[in-house]
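Visitor: Structure below; questions to follow.
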Amino acid sequence: MTNLSGNIDYYQPPQTLDTSGIQDSPTGVRWRIFLLACGASFLLYLHRYSWNVVGPKLQSEFAFTNTQTALLFSLFYYTYAAGQIPSGVIIDRFGPHRYLSFLMLAWSIAVTAIAHTTNIALLGLCRLVFGAAQAGCYPALTKVSRQWFPVGQRTMLQGWVATTSGRSGGAMSPIIVGTLLMGTLGLGWQSAVTVLGLIGILYAALFWLVFRNTPRDHPGVNEAELALIEAGSVSQAALAASGAPTHLSPSKVFRNRSMRFFVVQQFMDAGSDVAFVGLLGKYFLEARGMSDAEMGLVASMPLWGGALGGIVGGFLNDRMIRLTGNRRWSRSGVGCVGKIIGCLMLLLVTQQTTGQAAGLCLLIAKFFSDWSQPTTWGTCTDLGGRFSATVFSIINTAGTTGGVTMPLIFGMILDRFTRTADVAGQATSVTDWQPLFMLLAGMYLISGCCWLLVDCTRTLDTAETANSNQS
């Protein structure tokens, strides 16, 4: 159909279900799968954001500089980036069930090992394994969204999975590790991280037992629920009959102008986000003089903002598509506006007189920045079609390239603007954080501008488009 701007819009609203021959009400297995997907996203961020506690402890124990600590932190992103596209291809070919179960087990063991080695080389190896294991999670969850959620609900539910659940895990990480396990229960940081690892191992086993790749693979899904999930989607039988290609050509991906700007957008978005993963704990501990317990609560504030933003952004995106009929500008508008407002809030952080006020500014910045996360997932699904895991893996590779590059730049900036001052008769290192937050604001601005140039209707899955337009 044609949208309000005159462009072809490949979205088709869910069709009226043909219930002839279906006597039972739809089962609710898809909601169990939804909760499993949310749990996997929560677990990924719970483990990844533990660096806000682990990083400063390792820096103190090994006497690392900011740049050296940033290098150790960035090792995660080398293998995380390298594993994206291979993971996407594997998931599109074999499905996420066994692969994601194995990945969760592997990264849970790796994060535990980080807390129990005093050898620098082994510490670096654990970070590399940790990154490689987490690489396939979100490509897999993109596939889960496409296979298990009805077309008209995908963006909203993707927001709950990717942003709300993920950011909630990140927000809970400093609270669980710093405030609860270390502050309240008195555990050492190594024991606290070990608890996180054990939770991950148990969850990997649960996922293996309960999850299935598609509704048709799950014995608990009845015909009514299957029809509900597949309404508005192109049948796999129709695609097979059309002789549709079974893989996505890399050259085709990068001939797509929207994909090129989407890649730049994600580099800026994810590259800036590593500051929230790796530096917030240090900022509140050192620049704002907080204890571990206080830091755990305040450092979680931006992540709660991101979690709420994911709910609002997913709802807003689906709502705008329904109201305007314009999928292209609904996606781009939400993405751009969120990043611009986030940019303005980052410029205000260092102007605040208290750590709590700075945390509030970061919360608002992440709220508006992360309401674009469901849009990112939805755009990957729109552009990729059957190859959504591959497209997401390409976009996430761009983001993790930012994750490889930016921690080193952030570390060098902090070292460049660190000086020794006399505080109460003692020589103390004092860091000016304003240049870092100005850089982050600039990255948000570029990300927002790129969203205006991403047209999600220019799908790469032309075979599915043709079948959609005929159905």
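By convention here, the chains of the structure tokens are called A, B, ... in the order presented, each chain's residues are numbered starting at 1, and ligands are numbered starting at 1 in the order presented.
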Skip stretch 333-343 of chain A itself and residues of its chain fewer than 5 positions away, then list as a VMD selection string all residues within 6 Å of it, counting only C-alpha atoms.

Guide: chain A and resid 365 368 to 369 372 441 444 to 445 448 451

Visitor: Write out, as a PDB file, in the first residue's frame, the residues just selected, with N, CA and C atoms.

Guide:
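The result, written out as again_32.pdb:
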ATOM      1  N   ALA A 365      18.220  12.013  30.150  1.00  0.00           N
ATOM      2  CA  ALA A 365      18.937  11.806  28.887  1.00  0.00           C
ATOM      3  C   ALA A 365      18.739  10.390  28.371  1.00  0.00           C
ATOM      4  N   PHE A 368      15.032   9.616  26.997  1.00  0.00           N
ATOM      5  CA  PHE A 368      14.756  10.040  25.631  1.00  0.00           C
ATOM      6  C   PHE A 368      15.666   9.349  24.620  1.00  0.00           C
ATOM      7  N   SER A 369      16.891   9.080  25.002  1.00  0.00           N
ATOM      8  CA  SER A 369      17.781   8.366  24.091  1.00  0.00           C
ATOM      9  C   SER A 369      17.281   6.952  23.844  1.00  0.00           C
ATOM     10  N   SER A 372      14.360   5.353  21.553  1.00  0.00           N
ATOM     11  CA  SER A 372      14.619   4.995  20.158  1.00  0.00           C
ATOM     12  C   SER A 372      15.042   3.532  20.000  1.00  0.00           C
ATOM     13  N   ALA A 441      27.394  14.284  24.196  1.00  0.00           N
ATOM     14  CA  ALA A 441      26.281  15.064  23.653  1.00  0.00           C
ATOM     15  C   ALA A 441      26.410  15.208  22.135  1.00  0.00           C
ATOM     16  N   TYR A 444      25.294  12.018  20.454  1.00  0.00           N
ATOM     17  CA  TYR A 444      23.831  11.931  20.422  1.00  0.00           C
ATOM     18  C   TYR A 444      23.270  12.780  19.282  1.00  0.00           C
ATOM     19  N   LEU A 445      23.840  13.971  19.088  1.00  0.00           N
ATOM     20  CA  LEU A 445      23.357  14.871  18.033  1.00  0.00           C
ATOM     21  C   LEU A 445      23.529  14.240  16.655  1.00  0.00           C
ATOM     22  N   GLY A 448      20.986  11.458  16.139  1.00  0.00           N
ATOM     23  CA  GLY A 448      19.659  11.970  15.833  1.00  0.00           C
ATOM     24  C   GLY A 448      19.527  12.418  14.392  1.00  0.00           C
ATOM     25  N   TRP A 451      19.085   9.498  11.992  1.00  0.00           N
ATOM     26  CA  TRP A 451      17.746   8.894  11.967  1.00  0.00           C
ATOM     27  C   TRP A 451      16.882   9.498  10.876  1.00  0.00           C
TER      28      TRP A 451
END

Visitor: Would you please give, as a PyMOL selection string, all residues of stretch 157-259 of chain A that DSSP assigns to helix (DSSP H, G or I) based on the backbone?

Guide: chain A and resi 157-184+189-210+215-217+223-230+236-241+250-255+257-259

Visitor: Considering only C-alpha atoms, can you say which of A:Phe254, A:Val144, A:Val349, A:Ile33 comes closest to A:Ile395?

Guide: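 The answer is A:Phe254, which sits nearest to A:Ile395.
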
Visitor: For A:Val274, which of A:Gly411, A:Gly88, A:Gly402, A:Gly55 is the closest residue, counting only C-alpha atoms?

Guide: A:Gly402

Visitor: With only C-alpha atoms as the atoms that count, which of A:Trp377, A:Gln190, A:Ile446, A:Thr155 lies nearest to A:Met320?

Guide: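 When distances to A:Met320 are compared using only C-alpha atoms, the smallest one comes from A:Thr155.
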
Visitor: Assign secondary structure with DSSP using the backbone only, and return the residues of stretch 225-448 of chain A in strand (DSSP E) as number ranges by chain.

Guide: A: 418-423, 426-431

Visitor: A:Ala140: which residues within 9 Å, counting only C-alpha atoms, same-chain residues fewer than 3 positions away excluded, as a ChimeraX atom specification?

Guide: /A:87-88,91-92,95-97,99-100,136-137,143-145,389

Visitor: Write the residues of the selection above to a file with N, CA and C atoms, as a PDB file, in the first residue's frame.

Guide:
ATOM      1  N   SER A  87      26.990 -14.808  14.199  1.00  0.00           N
ATOM      2  CA  SER A  87      25.848 -15.217  15.031  1.00  0.00           C
ATOM      3  C   SER A  87      24.534 -15.012  14.295  1.00  0.00           C
ATOM      4  N   GLY A  88      24.391 -13.866  13.620  1.00  0.00           N
ATOM      5  CA  GLY A  88      23.167 -13.601  12.885  1.00  0.00           C
ATOM      6  C   GLY A  88      22.907 -14.632  11.799  1.00  0.00           C
ATOM      7  N   ILE A  91      21.889 -17.950  13.423  1.00  0.00           N
ATOM      8  CA  ILE A  91      20.535 -17.887  13.977  1.00  0.00           C
ATOM      9  C   ILE A  91      19.491 -17.923  12.863  1.00  0.00           C
ATOM     10  N   ASP A  92      19.736 -17.180  11.776  1.00  0.00           N
ATOM     11  CA  ASP A  92      18.800 -17.215  10.653  1.00  0.00           C
ATOM     12  C   ASP A  92      18.719 -18.613  10.047  1.00  0.00           C
ATOM     13  N   GLY A  95      18.090 -21.154  13.964  1.00  0.00           N
ATOM     14  CA  GLY A  95      17.202 -20.723  15.035  1.00  0.00           C
ATOM     15  C   GLY A  95      17.951 -20.406  16.319  1.00  0.00           C
ATOM     16  N   PRO A  96      17.294 -19.711  17.260  1.00  0.00           N
ATOM     17  CA  PRO A  96      17.977 -19.228  18.464  1.00  0.00           C
ATOM     18  C   PRO A  96      17.991 -20.180  19.654  1.00  0.00           C
ATOM     19  N   HIS A  97      17.232 -21.280  19.644  1.00  0.00           N
ATOM     20  CA  HIS A  97      17.014 -22.079  20.844  1.00  0.00           C
ATOM     21  C   HIS A  97      18.314 -22.576  21.478  1.00  0.00           C
ATOM     22  N   TYR A  99      21.434 -22.276  20.415  1.00  0.00           N
ATOM     23  CA  TYR A  99      22.567 -21.349  20.332  1.00  0.00           C
ATOM     24  C   TYR A  99      22.528 -20.337  21.477  1.00  0.00           C
ATOM     25  N   LEU A 100      21.366 -19.743  21.722  1.00  0.00           N
ATOM     26  CA  LEU A 100      21.270 -18.748  22.785  1.00  0.00           C
ATOM     27  C   LEU A 100      21.414 -19.390  24.158  1.00  0.00           C
ATOM     28  N   GLY A 136      25.761 -12.942  20.306  1.00  0.00           N
ATOM     29  CA  GLY A 136      24.609 -13.480  19.595  1.00  0.00           C
ATOM     30  C   GLY A 136      23.272 -13.252  20.264  1.00  0.00           C
ATOM     31  N   CYS A 137      23.258 -12.644  21.446  1.00  0.00           N
ATOM     32  CA  CYS A 137      21.999 -12.562  22.199  1.00  0.00           C
ATOM     33  C   CYS A 137      20.949 -11.721  21.478  1.00  0.00           C
ATOM     34  N   LYS A 143      15.225 -12.357  16.190  1.00  0.00           N
ATOM     35  CA  LYS A 143      14.565 -13.486  15.519  1.00  0.00           C
ATOM     36  C   LYS A 143      13.360 -13.972  16.328  1.00  0.00           C
ATOM     37  N   VAL A 144      13.510 -14.006  17.638  1.00  0.00           N
ATOM     38  CA  VAL A 144      12.393 -14.398  18.505  1.00  0.00           C
ATOM     39  C   VAL A 144      11.210 -13.447  18.294  1.00  0.00           C
ATOM     40  N   SER A 145      11.495 -12.136  18.225  1.00  0.00           N
ATOM     41  CA  SER A 145      10.430 -11.154  18.020  1.00  0.00           C
ATOM     42  C   SER A 145       9.680 -11.417  16.725  1.00  0.00           C
ATOM     43  N   ALA A 389      17.699 -11.169  11.679  1.00  0.00           N
ATOM     44  CA  ALA A 389      18.834 -11.438  12.565  1.00  0.00           C
ATOM     45  C   ALA A 389      20.143 -11.008  11.905  1.00  0.00           C
TER      46      ALA A 389
END

Visitor: Which of these residues is nearest to A:Cys380, using only C-alpha atoms: A:Thr142, A:Thr163, A:Ser429, A:Ser191?

Guide: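 Going through A:Thr142, A:Thr163, A:Ser429, A:Ser191 one by one, the smallest distance to A:Cys380 is for A:Thr142.
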
Visitor: So the first atom is atom CA of A:Ala192 and the second is atom CA of A:Pro302; what is the distance between them in Å, to one decimal place?

Guide: 22.1 Å
